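For reference, model_6.cif (mmCIF, N, CA and C atoms):
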```cif
data_upload
#
loop_
_atom_site.label_atom_id
_atom_site.label_comp_id
_atom_site.auth_asym_id
_atom_site.auth_seq_id
_atom_site.Cartn_x
_atom_site.Cartn_y
_atom_site.Cartn_z
N MET O 1 -22.02 157.83 -30.66
CA MET O 1 -21.72 156.92 -31.75
C MET O 1 -22.11 157.57 -33.07
N LYS O 2 -21.32 157.28 -34.07
CA LYS O 2 -21.64 157.80 -35.39
C LYS O 2 -22.34 156.72 -36.21
N TYR O 3 -23.34 157.17 -36.96
CA TYR O 3 -24.06 156.29 -37.88
C TYR O 3 -24.14 156.97 -39.22
N MET O 4 -23.99 156.17 -40.28
CA MET O 4 -24.16 156.67 -41.63
C MET O 4 -25.54 156.27 -42.12
N LEU O 5 -26.28 157.25 -42.60
CA LEU O 5 -27.56 157.00 -43.25
C LEU O 5 -27.30 157.07 -44.74
N ILE O 6 -27.42 155.95 -45.41
CA ILE O 6 -27.12 155.86 -46.84
C ILE O 6 -28.44 155.92 -47.59
N MET O 7 -28.60 156.97 -48.37
CA MET O 7 -29.85 157.18 -49.08
C MET O 7 -29.81 156.38 -50.39
N ARG O 8 -30.80 155.49 -50.55
CA ARG O 8 -30.84 154.64 -51.75
C ARG O 8 -32.19 154.81 -52.44
N ALA O 9 -32.18 154.61 -53.74
CA ALA O 9 -33.42 154.68 -54.50
C ALA O 9 -33.28 153.87 -55.78
N THR O 10 -34.40 153.36 -56.23
CA THR O 10 -34.42 152.66 -57.51
C THR O 10 -34.35 153.69 -58.64
N ASP O 11 -34.08 153.21 -59.84
CA ASP O 11 -34.06 154.11 -61.00
C ASP O 11 -35.40 154.83 -61.15
N GLU O 12 -36.49 154.10 -60.92
CA GLU O 12 -37.83 154.68 -61.05
C GLU O 12 -38.05 155.80 -60.03
N ALA O 13 -37.60 155.56 -58.79
CA ALA O 13 -37.77 156.58 -57.75
C ALA O 13 -36.94 157.82 -58.07
N PHE O 14 -35.71 157.62 -58.55
CA PHE O 14 -34.88 158.76 -58.95
C PHE O 14 -35.56 159.53 -60.08
N ALA O 15 -36.14 158.82 -61.02
CA ALA O 15 -36.81 159.48 -62.15
C ALA O 15 -37.98 160.33 -61.66
N LYS O 16 -38.73 159.85 -60.67
CA LYS O 16 -39.86 160.61 -60.14
C LYS O 16 -39.41 161.90 -59.47
N MET O 17 -38.18 161.90 -58.94
CA MET O 17 -37.67 163.12 -58.31
C MET O 17 -37.57 164.25 -59.33
N GLY O 18 -37.39 163.91 -60.59
CA GLY O 18 -37.33 164.92 -61.64
C GLY O 18 -38.64 165.68 -61.81
N ASP O 19 -39.74 165.11 -61.33
CA ASP O 19 -41.04 165.76 -61.43
C ASP O 19 -41.27 166.78 -60.32
N ILE O 20 -40.42 166.77 -59.30
CA ILE O 20 -40.57 167.67 -58.16
C ILE O 20 -39.85 168.98 -58.45
N ASP O 21 -40.49 170.09 -58.12
CA ASP O 21 -39.87 171.40 -58.27
C ASP O 21 -38.58 171.44 -57.46
N PHE O 22 -37.47 171.83 -58.10
CA PHE O 22 -36.15 171.79 -57.47
C PHE O 22 -36.10 172.67 -56.22
N ASP O 23 -36.68 173.87 -56.28
CA ASP O 23 -36.68 174.76 -55.11
C ASP O 23 -37.48 174.15 -53.96
N GLU O 24 -38.58 173.49 -54.31
CA GLU O 24 -39.39 172.82 -53.28
C GLU O 24 -38.60 171.69 -52.63
N MET O 25 -37.88 170.92 -53.44
CA MET O 25 -37.08 169.82 -52.91
C MET O 25 -35.98 170.37 -51.99
N LEU O 26 -35.31 171.46 -52.42
CA LEU O 26 -34.27 172.05 -51.60
C LEU O 26 -34.83 172.53 -50.26
N ALA O 27 -36.01 173.12 -50.29
CA ALA O 27 -36.63 173.61 -49.06
C ALA O 27 -36.98 172.45 -48.13
N THR O 28 -37.51 171.38 -48.69
CA THR O 28 -37.90 170.21 -47.88
C THR O 28 -36.68 169.58 -47.24
N VAL O 29 -35.65 169.33 -48.03
CA VAL O 29 -34.42 168.74 -47.51
C VAL O 29 -33.74 169.72 -46.56
N GLY O 30 -33.77 171.00 -46.88
CA GLY O 30 -33.17 172.01 -46.02
C GLY O 30 -33.79 172.04 -44.64
N ARG O 31 -35.12 171.90 -44.57
CA ARG O 31 -35.79 171.87 -43.26
C ARG O 31 -35.34 170.66 -42.45
N TYR O 32 -35.21 169.50 -43.10
CA TYR O 32 -34.74 168.29 -42.41
C TYR O 32 -33.30 168.50 -41.93
N ASN O 33 -32.45 169.03 -42.80
CA ASN O 33 -31.06 169.29 -42.41
C ASN O 33 -31.00 170.25 -41.24
N ASP O 34 -31.85 171.27 -41.25
CA ASP O 34 -31.88 172.24 -40.16
C ASP O 34 -32.27 171.57 -38.85
N GLU O 35 -33.22 170.64 -38.88
CA GLU O 35 -33.59 169.89 -37.67
C GLU O 35 -32.38 169.12 -37.13
N LEU O 36 -31.64 168.47 -38.04
CA LEU O 36 -30.46 167.71 -37.63
C LEU O 36 -29.41 168.63 -37.00
N ILE O 37 -29.23 169.80 -37.61
CA ILE O 37 -28.25 170.76 -37.10
C ILE O 37 -28.68 171.28 -35.73
N ARG O 38 -29.95 171.69 -35.60
CA ARG O 38 -30.44 172.22 -34.33
C ARG O 38 -30.38 171.18 -33.22
N ALA O 39 -30.55 169.89 -33.57
CA ALA O 39 -30.46 168.82 -32.58
C ALA O 39 -29.01 168.49 -32.22
N GLY O 40 -28.07 169.02 -33.01
CA GLY O 40 -26.66 168.80 -32.73
C GLY O 40 -26.15 167.42 -33.11
N VAL O 41 -26.83 166.76 -34.04
CA VAL O 41 -26.43 165.39 -34.41
C VAL O 41 -25.78 165.30 -35.80
N LEU O 42 -25.88 166.34 -36.62
CA LEU O 42 -25.33 166.26 -37.98
C LEU O 42 -23.82 166.44 -37.97
N VAL O 43 -23.12 165.47 -38.54
CA VAL O 43 -21.67 165.54 -38.71
C VAL O 43 -21.35 165.89 -40.16
N ALA O 44 -22.03 165.24 -41.11
CA ALA O 44 -21.80 165.49 -42.53
C ALA O 44 -23.04 165.06 -43.31
N ALA O 45 -23.22 165.67 -44.47
CA ALA O 45 -24.30 165.28 -45.37
C ALA O 45 -23.89 165.68 -46.78
N GLU O 46 -23.96 164.75 -47.69
CA GLU O 46 -23.58 165.02 -49.08
C GLU O 46 -24.47 164.23 -50.02
N GLY O 47 -24.77 164.83 -51.16
CA GLY O 47 -25.41 164.10 -52.24
C GLY O 47 -24.33 163.58 -53.17
N LEU O 48 -24.68 162.63 -53.98
CA LEU O 48 -23.73 162.06 -54.93
C LEU O 48 -24.14 162.41 -56.35
N ALA O 49 -23.14 162.60 -57.20
CA ALA O 49 -23.39 162.88 -58.61
C ALA O 49 -24.05 161.65 -59.26
N ASP O 50 -24.63 161.86 -60.41
CA ASP O 50 -25.29 160.78 -61.14
C ASP O 50 -24.35 159.61 -61.37
N ALA O 51 -24.87 158.40 -61.30
CA ALA O 51 -24.07 157.18 -61.45
C ALA O 51 -23.37 157.10 -62.80
N THR O 52 -23.90 157.79 -63.80
CA THR O 52 -23.24 157.77 -65.11
C THR O 52 -21.89 158.46 -65.07
N GLU O 53 -21.64 159.28 -64.04
CA GLU O 53 -20.36 159.97 -63.90
C GLU O 53 -19.35 159.15 -63.08
N GLY O 54 -19.80 158.06 -62.47
CA GLY O 54 -18.95 157.27 -61.60
C GLY O 54 -18.30 156.10 -62.29
N VAL O 55 -17.44 155.43 -61.57
CA VAL O 55 -16.79 154.20 -62.04
C VAL O 55 -16.79 153.19 -60.90
N VAL O 56 -16.62 151.93 -61.26
CA VAL O 56 -16.46 150.85 -60.29
C VAL O 56 -15.10 150.22 -60.55
N VAL O 57 -14.33 150.02 -59.49
CA VAL O 57 -13.08 149.28 -59.59
C VAL O 57 -13.35 147.89 -59.02
N ASP O 58 -13.26 146.88 -59.88
CA ASP O 58 -13.54 145.48 -59.51
C ASP O 58 -12.22 144.76 -59.33
N TYR O 59 -12.02 144.24 -58.12
CA TYR O 59 -10.75 143.60 -57.77
C TYR O 59 -10.77 142.08 -57.97
N SER O 60 -11.72 141.59 -58.74
CA SER O 60 -11.83 140.15 -58.97
C SER O 60 -10.69 139.61 -59.82
N THR O 61 -10.03 140.48 -60.57
CA THR O 61 -8.93 140.06 -61.44
C THR O 61 -7.71 140.92 -61.16
N GLU O 62 -6.59 140.48 -61.69
CA GLU O 62 -5.35 141.26 -61.58
C GLU O 62 -4.89 141.59 -62.99
N PRO O 63 -4.81 142.79 -63.43
CA PRO O 63 -5.08 144.00 -62.66
C PRO O 63 -6.59 144.22 -62.49
N PRO O 64 -6.98 145.05 -61.53
CA PRO O 64 -8.40 145.33 -61.34
C PRO O 64 -9.01 145.92 -62.61
N VAL O 65 -10.30 145.68 -62.79
CA VAL O 65 -11.04 146.18 -63.95
C VAL O 65 -11.85 147.40 -63.53
N VAL O 66 -11.73 148.47 -64.32
CA VAL O 66 -12.48 149.69 -64.07
C VAL O 66 -13.61 149.77 -65.08
N THR O 67 -14.84 149.92 -64.57
CA THR O 67 -16.02 149.99 -65.42
C THR O 67 -16.72 151.32 -65.20
N ASP O 68 -17.03 152.02 -66.28
CA ASP O 68 -17.78 153.27 -66.18
C ASP O 68 -19.21 152.98 -65.77
N GLY O 69 -19.82 153.92 -65.04
CA GLY O 69 -21.23 153.81 -64.68
C GLY O 69 -22.10 154.13 -65.89
N PRO O 70 -23.39 153.91 -65.85
CA PRO O 70 -24.10 153.32 -64.71
C PRO O 70 -23.82 151.83 -64.61
N TYR O 71 -24.21 151.28 -63.52
CA TYR O 71 -23.84 149.91 -63.17
C TYR O 71 -25.01 148.99 -63.48
N GLY O 72 -24.88 148.23 -64.54
CA GLY O 72 -25.97 147.42 -65.08
C GLY O 72 -26.72 146.56 -64.11
N GLY O 73 -26.02 145.88 -63.19
CA GLY O 73 -26.70 144.94 -62.31
C GLY O 73 -27.26 145.55 -61.04
N THR O 74 -27.15 146.86 -60.87
CA THR O 74 -27.58 147.49 -59.63
C THR O 74 -29.06 147.80 -59.68
N LYS O 75 -29.78 147.37 -58.65
CA LYS O 75 -31.20 147.65 -58.56
C LYS O 75 -31.45 148.95 -57.80
N GLU O 76 -30.54 149.31 -56.89
CA GLU O 76 -30.66 150.55 -56.14
C GLU O 76 -29.29 151.20 -56.08
N LEU O 77 -29.26 152.50 -56.30
CA LEU O 77 -28.01 153.24 -56.22
C LEU O 77 -28.01 154.16 -55.02
N PHE O 78 -26.84 154.39 -54.45
CA PHE O 78 -26.70 155.36 -53.38
C PHE O 78 -26.83 156.75 -53.98
N GLY O 79 -27.65 157.58 -53.38
CA GLY O 79 -27.83 158.93 -53.89
C GLY O 79 -27.19 159.98 -53.01
N GLY O 80 -26.85 159.60 -51.80
CA GLY O 80 -26.24 160.55 -50.87
C GLY O 80 -26.15 159.91 -49.50
N PHE O 81 -25.63 160.68 -48.55
CA PHE O 81 -25.49 160.13 -47.21
C PHE O 81 -25.51 161.23 -46.17
N TYR O 82 -25.82 160.83 -44.96
CA TYR O 82 -25.70 161.65 -43.77
C TYR O 82 -24.82 160.89 -42.80
N ILE O 83 -24.02 161.60 -42.03
CA ILE O 83 -23.34 160.99 -40.89
C ILE O 83 -23.85 161.73 -39.67
N LEU O 84 -24.43 160.97 -38.76
CA LEU O 84 -25.00 161.53 -37.54
C LEU O 84 -24.22 161.04 -36.34
N ASN O 85 -24.09 161.88 -35.34
CA ASN O 85 -23.49 161.49 -34.07
C ASN O 85 -24.63 161.43 -33.06
N VAL O 86 -25.09 160.22 -32.79
CA VAL O 86 -26.25 160.01 -31.92
C VAL O 86 -25.91 159.00 -30.83
N ALA O 87 -26.81 158.84 -29.87
CA ALA O 87 -26.55 157.97 -28.73
C ALA O 87 -26.72 156.49 -29.04
N SER O 88 -27.51 156.16 -30.08
CA SER O 88 -27.81 154.74 -30.31
C SER O 88 -28.29 154.52 -31.74
N LYS O 89 -28.31 153.24 -32.12
CA LYS O 89 -28.86 152.88 -33.43
C LYS O 89 -30.33 153.27 -33.49
N GLU O 90 -31.02 153.10 -32.39
CA GLU O 90 -32.45 153.44 -32.36
C GLU O 90 -32.68 154.92 -32.67
N GLU O 91 -31.80 155.78 -32.15
CA GLU O 91 -31.93 157.21 -32.44
C GLU O 91 -31.66 157.48 -33.91
N ALA O 92 -30.67 156.80 -34.48
CA ALA O 92 -30.40 156.94 -35.92
C ALA O 92 -31.61 156.51 -36.74
N VAL O 93 -32.25 155.44 -36.33
CA VAL O 93 -33.46 154.96 -37.02
C VAL O 93 -34.56 156.02 -36.95
N GLU O 94 -34.73 156.62 -35.79
CA GLU O 94 -35.77 157.64 -35.64
C GLU O 94 -35.51 158.83 -36.57
N TRP O 95 -34.25 159.25 -36.69
CA TRP O 95 -33.93 160.34 -37.62
C TRP O 95 -34.19 159.90 -39.07
N ALA O 96 -33.83 158.67 -39.40
CA ALA O 96 -34.07 158.18 -40.76
C ALA O 96 -35.56 158.16 -41.09
N LYS O 97 -36.38 157.82 -40.13
CA LYS O 97 -37.83 157.80 -40.35
C LYS O 97 -38.38 159.18 -40.68
N ARG O 98 -37.68 160.22 -40.26
CA ARG O 98 -38.12 161.59 -40.49
C ARG O 98 -37.62 162.15 -41.82
N SER O 99 -36.83 161.39 -42.54
CA SER O 99 -36.25 161.86 -43.80
C SER O 99 -37.35 162.27 -44.77
N PRO O 100 -37.13 163.36 -45.51
CA PRO O 100 -38.14 163.76 -46.49
C PRO O 100 -38.07 162.97 -47.79
N MET O 101 -37.01 162.18 -47.97
CA MET O 101 -36.89 161.40 -49.21
C MET O 101 -37.57 160.05 -49.01
N THR O 102 -38.87 160.03 -49.24
CA THR O 102 -39.66 158.84 -48.96
C THR O 102 -40.54 158.48 -50.15
N GLY O 103 -41.12 157.30 -50.07
CA GLY O 103 -42.03 156.84 -51.10
C GLY O 103 -41.54 155.54 -51.68
N PRO O 104 -42.34 154.95 -52.55
CA PRO O 104 -41.95 153.68 -53.17
C PRO O 104 -40.61 153.81 -53.88
N GLY O 105 -39.72 152.87 -53.61
CA GLY O 105 -38.41 152.86 -54.25
C GLY O 105 -37.32 153.56 -53.47
N PHE O 106 -37.67 154.25 -52.39
CA PHE O 106 -36.66 154.92 -51.56
C PHE O 106 -36.39 154.11 -50.30
N LYS O 107 -35.13 154.02 -49.93
CA LYS O 107 -34.72 153.32 -48.72
C LYS O 107 -33.56 154.07 -48.09
N THR O 108 -33.40 153.90 -46.79
CA THR O 108 -32.23 154.41 -46.10
C THR O 108 -31.57 153.25 -45.38
N GLU O 109 -30.33 152.99 -45.70
CA GLU O 109 -29.54 151.98 -44.99
C GLU O 109 -28.80 152.68 -43.87
N ILE O 110 -28.79 152.08 -42.70
CA ILE O 110 -28.13 152.68 -41.53
C ILE O 110 -27.00 151.77 -41.09
N ARG O 111 -25.79 152.33 -41.04
CA ARG O 111 -24.61 151.56 -40.64
C ARG O 111 -23.83 152.35 -39.61
N ARG O 112 -23.38 151.67 -38.57
CA ARG O 112 -22.54 152.31 -37.57
C ARG O 112 -21.16 152.57 -38.17
N VAL O 113 -20.61 153.73 -37.89
CA VAL O 113 -19.27 154.08 -38.34
C VAL O 113 -18.31 153.66 -37.24
N THR O 114 -17.38 152.78 -37.56
CA THR O 114 -16.43 152.33 -36.56
C THR O 114 -15.46 153.45 -36.22
N THR O 115 -14.90 153.38 -35.03
CA THR O 115 -13.95 154.40 -34.60
C THR O 115 -12.55 153.79 -34.55
N ILE O 116 -11.57 154.66 -34.55
CA ILE O 116 -10.18 154.21 -34.47
C ILE O 116 -9.92 153.47 -33.16
N ASP O 117 -10.69 153.77 -32.14
CA ASP O 117 -10.52 153.11 -30.83
C ASP O 117 -10.85 151.62 -30.87
N GLU O 118 -11.52 151.17 -31.90
CA GLU O 118 -11.90 149.76 -32.01
C GLU O 118 -10.80 148.90 -32.61
N PHE O 119 -9.70 149.52 -33.02
CA PHE O 119 -8.59 148.78 -33.62
C PHE O 119 -7.46 148.65 -32.61
N PRO O 120 -6.55 147.68 -32.83
CA PRO O 120 -5.44 147.48 -31.88
C PRO O 120 -4.57 148.74 -31.78
N GLN O 121 -4.51 149.31 -30.58
CA GLN O 121 -3.81 150.57 -30.39
C GLN O 121 -2.29 150.44 -30.42
N ASP O 122 -1.79 149.20 -30.35
CA ASP O 122 -0.34 149.01 -30.40
C ASP O 122 0.16 148.82 -31.84
N ASN O 123 -0.73 148.88 -32.82
CA ASN O 123 -0.36 148.73 -34.22
C ASN O 123 0.24 150.04 -34.73
N GLU O 124 1.38 149.96 -35.42
CA GLU O 124 2.06 151.17 -35.87
C GLU O 124 1.21 152.00 -36.83
N TRP O 125 0.41 151.35 -37.68
CA TRP O 125 -0.41 152.08 -38.64
C TRP O 125 -1.58 152.77 -37.96
N ILE O 126 -2.12 152.16 -36.94
CA ILE O 126 -3.19 152.79 -36.16
C ILE O 126 -2.61 153.99 -35.41
N GLN O 127 -1.41 153.84 -34.86
CA GLN O 127 -0.76 154.95 -34.15
C GLN O 127 -0.50 156.12 -35.10
N LYS O 128 -0.07 155.84 -36.33
CA LYS O 128 0.16 156.90 -37.32
C LYS O 128 -1.15 157.60 -37.68
N GLU O 129 -2.19 156.81 -37.87
CA GLU O 129 -3.48 157.41 -38.21
C GLU O 129 -4.00 158.24 -37.04
N ARG O 130 -3.86 157.74 -35.81
CA ARG O 130 -4.31 158.49 -34.64
C ARG O 130 -3.57 159.82 -34.57
N ALA O 131 -2.26 159.82 -34.80
CA ALA O 131 -1.48 161.05 -34.77
C ALA O 131 -1.97 162.02 -35.84
N TRP O 132 -2.26 161.52 -37.04
CA TRP O 132 -2.78 162.36 -38.12
C TRP O 132 -4.13 162.96 -37.72
N ARG O 133 -5.03 162.11 -37.18
CA ARG O 133 -6.35 162.59 -36.76
C ARG O 133 -6.23 163.65 -35.67
N GLU O 134 -5.33 163.45 -34.72
CA GLU O 134 -5.15 164.44 -33.66
C GLU O 134 -4.59 165.75 -34.24
N ALA O 135 -3.64 165.64 -35.16
CA ALA O 135 -3.03 166.83 -35.77
C ALA O 135 -4.01 167.64 -36.61
N THR O 136 -5.00 166.96 -37.19
CA THR O 136 -5.98 167.64 -38.05
C THR O 136 -7.26 167.96 -37.31
N GLY O 137 -7.29 167.74 -36.00
CA GLY O 137 -8.46 168.09 -35.19
C GLY O 137 -9.62 167.13 -35.31
N GLN O 138 -9.36 165.93 -35.81
CA GLN O 138 -10.44 164.95 -35.96
C GLN O 138 -10.64 164.10 -34.71
N LEU O 139 -9.73 164.19 -33.76
CA LEU O 139 -9.88 163.48 -32.48
C LEU O 139 -9.81 164.47 -31.35
#
```

Can the structure from this file be put into C-alpha cells for me?
Amino acid sequence: MKYMLIMRATDEAFAKMGDIDFDEMLATVGRYNDELIRAGVLVAAEGLADATEGVVVDYSTEPPVVTDGPYGGTKELFGGFYILNVASKEEAVEWAKRSPMTGPGFKTEIRRVTTIDEFPQDNEWIQKERAWREATGQL
C-alpha cells in the first residue's frame, strides 16, 4: 500500500529552520532518505517551494478565483511530502516517527494513496487511465 507523508509546519517552525546550517539539514534529511531507500519503501520525496510562490484556485465562485500566496488563513503549510510503499498504515506511522523534521510546530499527516484498482473497472475513463499507466510503466 502507498501512503503519503505530508510534512507540515507552522510559520514559526519554518522560520526556526532558517537557523539550522543548510549542509547539516541536508545531511540529516539525507540520512533519513537513505534509510527509506535501503528499506525499499521510498517511492517519491519532494520539497515544496515557498508559499509566496504558489497560488490557490478557489472554486467557490464561477469563474474560479485565483489568489497568490501566502495564504492568510493558513495556520500550517505543507512543506514537502514522501510517498512510501509499505505494508500498513502502522508501518507508515513508524517511518513518520523517525522523520528528522521534528519539534514544536512540525507535524506529519499520513494519508493512504488510493489505487486505480479501487475504481469501477468497467468505466471508460478508468480503462483509458489504466492503459496510459501500463504504457508508461506505472502499473

Selection result for the PyMOL selection byres ((chain O and resi 108) around 6.5) on this file, as a PDB file with N, CA and C atoms, in the coordinates of the input:
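Ended up saving to expr.pdb:
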```
ATOM      1  N   LEU O   5     -26.280 157.250 -42.600  1.00  0.00           N
ATOM      2  CA  LEU O   5     -27.560 157.000 -43.250  1.00  0.00           C
ATOM      3  C   LEU O   5     -27.300 157.070 -44.740  1.00  0.00           C
ATOM      4  N   ILE O   6     -27.420 155.950 -45.410  1.00  0.00           N
ATOM      5  CA  ILE O   6     -27.120 155.860 -46.840  1.00  0.00           C
ATOM      6  C   ILE O   6     -28.440 155.920 -47.590  1.00  0.00           C
ATOM      7  N   MET O   7     -28.600 156.970 -48.370  1.00  0.00           N
ATOM      8  CA  MET O   7     -29.850 157.180 -49.080  1.00  0.00           C
ATOM      9  C   MET O   7     -29.810 156.380 -50.390  1.00  0.00           C
ATOM     10  N   ARG O   8     -30.800 155.490 -50.550  1.00  0.00           N
ATOM     11  CA  ARG O   8     -30.840 154.640 -51.750  1.00  0.00           C
ATOM     12  C   ARG O   8     -32.190 154.810 -52.440  1.00  0.00           C
ATOM     13  N   PHE O 106     -37.670 154.250 -52.390  1.00  0.00           N
ATOM     14  CA  PHE O 106     -36.660 154.920 -51.560  1.00  0.00           C
ATOM     15  C   PHE O 106     -36.390 154.110 -50.300  1.00  0.00           C
ATOM     16  N   LYS O 107     -35.130 154.020 -49.930  1.00  0.00           N
ATOM     17  CA  LYS O 107     -34.720 153.320 -48.720  1.00  0.00           C
ATOM     18  C   LYS O 107     -33.560 154.070 -48.090  1.00  0.00           C
ATOM     19  N   GLU O 109     -30.330 152.990 -45.700  1.00  0.00           N
ATOM     20  CA  GLU O 109     -29.540 151.980 -44.990  1.00  0.00           C
ATOM     21  C   GLU O 109     -28.800 152.680 -43.870  1.00  0.00           C
ATOM     22  N   ILE O 110     -28.790 152.080 -42.700  1.00  0.00           N
ATOM     23  CA  ILE O 110     -28.130 152.680 -41.530  1.00  0.00           C
ATOM     24  C   ILE O 110     -27.000 151.770 -41.090  1.00  0.00           C
TER      25      ILE O 110
END
```

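Compared by their closest atoms to Ile83 in chain O, and using all atoms listed in the file, the residues O:Glu124, O:Trp132, O:Val43, O:Met25 rank with O:Val43 nearest.
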
- prompt: Can you list, as an MDAnalysis selection string, the residues that the PyMOL selection byres (((chain O and resi 3 and name CA) around 8) and name CA) selects here?
  reply: chainID O and resid 1:2 4:5 83:86 89 92 110:113

message: Taking only C-alpha atoms into account, name the residue in O:Ala13, O:Leu36, O:Val57, O:Ile20 that is nearest to Ser99 in chain O.
response: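 When distances to Ser99 in chain O are compared using only C-alpha atoms, the smallest one comes from O:Leu36.
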
message: With the PyMOL selection byres ((chain O and resi 10) around 6) as the selection, what would be picked from this file? Answer as number ranges by chain, please.
response: O: 8-9, 11-15, 75-77, 105-106

Box time for range 62-68 of chain O: axis-aligned, enclosing all its listed atoms, 3 Å extra on each side; report centre and edge lengths in Å to one decimal, as AutoDock Vina command-line options.
```
--center_x -12.0 --center_y 146.9 --center_z -63.8 --size_x 20.4 --size_y 18.8 --size_z 10.9
```

message: Can you tell me which residues surround Glu129 in chain O at a distance of at most 8 Å, considering all atoms listed in the file, apart from same-chain residues fewer than 6 positions away, and format the answer as a ChimeraX atom specification?
response: /O:116,123,135

query: Looking only at the backbone, which of the residues in range 9-128 of chain O does DSSP tag as strand (DSSP E), as a ChimeraX atom specification?
result: /O:9-10,42-47,55-58,65-68,76-85,106-113

How would the residues just picked look written out with N, CA and C atoms as a CSV table (one decimal), keeping the file's coordinate frame?
```csv
chain,number,residue,atom,x,y,z
O,9,ALA,N,-32.2,154.6,-53.7
O,9,ALA,CA,-33.4,154.7,-54.5
O,9,ALA,C,-33.3,153.9,-55.8
O,10,THR,N,-34.4,153.4,-56.2
O,10,THR,CA,-34.4,152.7,-57.5
O,10,THR,C,-34.4,153.7,-58.6
O,42,LEU,N,-25.9,166.3,-36.6
O,42,LEU,CA,-25.3,166.3,-38.0
O,42,LEU,C,-23.8,166.4,-38.0
O,43,VAL,N,-23.1,165.5,-38.5
O,43,VAL,CA,-21.7,165.5,-38.7
O,43,VAL,C,-21.4,165.9,-40.2
O,44,ALA,N,-22.0,165.2,-41.1
O,44,ALA,CA,-21.8,165.5,-42.5
O,44,ALA,C,-23.0,165.1,-43.3
O,45,ALA,N,-23.2,165.7,-44.5
O,45,ALA,CA,-24.3,165.3,-45.4
O,45,ALA,C,-23.9,165.7,-46.8
O,46,GLU,N,-24.0,164.8,-47.7
O,46,GLU,CA,-23.6,165.0,-49.1
O,46,GLU,C,-24.5,164.2,-50.0
O,47,GLY,N,-24.8,164.8,-51.2
O,47,GLY,CA,-25.4,164.1,-52.2
O,47,GLY,C,-24.3,163.6,-53.2
O,55,VAL,N,-17.4,155.4,-61.6
O,55,VAL,CA,-16.8,154.2,-62.0
O,55,VAL,C,-16.8,153.2,-60.9
O,56,VAL,N,-16.6,151.9,-61.3
O,56,VAL,CA,-16.5,150.8,-60.3
O,56,VAL,C,-15.1,150.2,-60.6
O,57,VAL,N,-14.3,150.0,-59.5
O,57,VAL,CA,-13.1,149.3,-59.6
O,57,VAL,C,-13.4,147.9,-59.0
O,58,ASP,N,-13.3,146.9,-59.9
O,58,ASP,CA,-13.5,145.5,-59.5
O,58,ASP,C,-12.2,144.8,-59.3
O,65,VAL,N,-10.3,145.7,-62.8
O,65,VAL,CA,-11.0,146.2,-64.0
O,65,VAL,C,-11.8,147.4,-63.5
O,66,VAL,N,-11.7,148.5,-64.3
O,66,VAL,CA,-12.5,149.7,-64.1
O,66,VAL,C,-13.6,149.8,-65.1
O,67,THR,N,-14.8,149.9,-64.6
O,67,THR,CA,-16.0,150.0,-65.4
O,67,THR,C,-16.7,151.3,-65.2
O,68,ASP,N,-17.0,152.0,-66.3
O,68,ASP,CA,-17.8,153.3,-66.2
O,68,ASP,C,-19.2,153.0,-65.8
O,76,GLU,N,-30.5,149.3,-56.9
O,76,GLU,CA,-30.7,150.6,-56.1
O,76,GLU,C,-29.3,151.2,-56.1
O,77,LEU,N,-29.3,152.5,-56.3
O,77,LEU,CA,-28.0,153.2,-56.2
O,77,LEU,C,-28.0,154.2,-55.0
O,78,PHE,N,-26.8,154.4,-54.4
O,78,PHE,CA,-26.7,155.4,-53.4
O,78,PHE,C,-26.8,156.8,-54.0
O,79,GLY,N,-27.6,157.6,-53.4
O,79,GLY,CA,-27.8,158.9,-53.9
O,79,GLY,C,-27.2,160.0,-53.0
O,80,GLY,N,-26.8,159.6,-51.8
O,80,GLY,CA,-26.2,160.6,-50.9
O,80,GLY,C,-26.2,159.9,-49.5
O,81,PHE,N,-25.6,160.7,-48.6
O,81,PHE,CA,-25.5,160.1,-47.2
O,81,PHE,C,-25.5,161.2,-46.2
O,82,TYR,N,-25.8,160.8,-45.0
O,82,TYR,CA,-25.7,161.6,-43.8
O,82,TYR,C,-24.8,160.9,-42.8
O,83,ILE,N,-24.0,161.6,-42.0
O,83,ILE,CA,-23.3,161.0,-40.9
O,83,ILE,C,-23.8,161.7,-39.7
O,84,LEU,N,-24.4,161.0,-38.8
O,84,LEU,CA,-25.0,161.5,-37.5
O,84,LEU,C,-24.2,161.0,-36.3
O,85,ASN,N,-24.1,161.9,-35.3
O,85,ASN,CA,-23.5,161.5,-34.1
O,85,ASN,C,-24.6,161.4,-33.1
O,106,PHE,N,-37.7,154.2,-52.4
O,106,PHE,CA,-36.7,154.9,-51.6
O,106,PHE,C,-36.4,154.1,-50.3
O,107,LYS,N,-35.1,154.0,-49.9
O,107,LYS,CA,-34.7,153.3,-48.7
O,107,LYS,C,-33.6,154.1,-48.1
O,108,THR,N,-33.4,153.9,-46.8
O,108,THR,CA,-32.2,154.4,-46.1
O,108,THR,C,-31.6,153.2,-45.4
O,109,GLU,N,-30.3,153.0,-45.7
O,109,GLU,CA,-29.5,152.0,-45.0
O,109,GLU,C,-28.8,152.7,-43.9
O,110,ILE,N,-28.8,152.1,-42.7
O,110,ILE,CA,-28.1,152.7,-41.5
O,110,ILE,C,-27.0,151.8,-41.1
O,111,ARG,N,-25.8,152.3,-41.0
O,111,ARG,CA,-24.6,151.6,-40.6
O,111,ARG,C,-23.8,152.4,-39.6
O,112,ARG,N,-23.4,151.7,-38.6
O,112,ARG,CA,-22.5,152.3,-37.6
O,112,ARG,C,-21.2,152.6,-38.2
O,113,VAL,N,-20.6,153.7,-37.9
O,113,VAL,CA,-19.3,154.1,-38.3
O,113,VAL,C,-18.3,153.7,-37.2
```

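As for CA of Phe22 in chain O and CA of Asp34 in chain O, they are spaced 17.8 Å apart.
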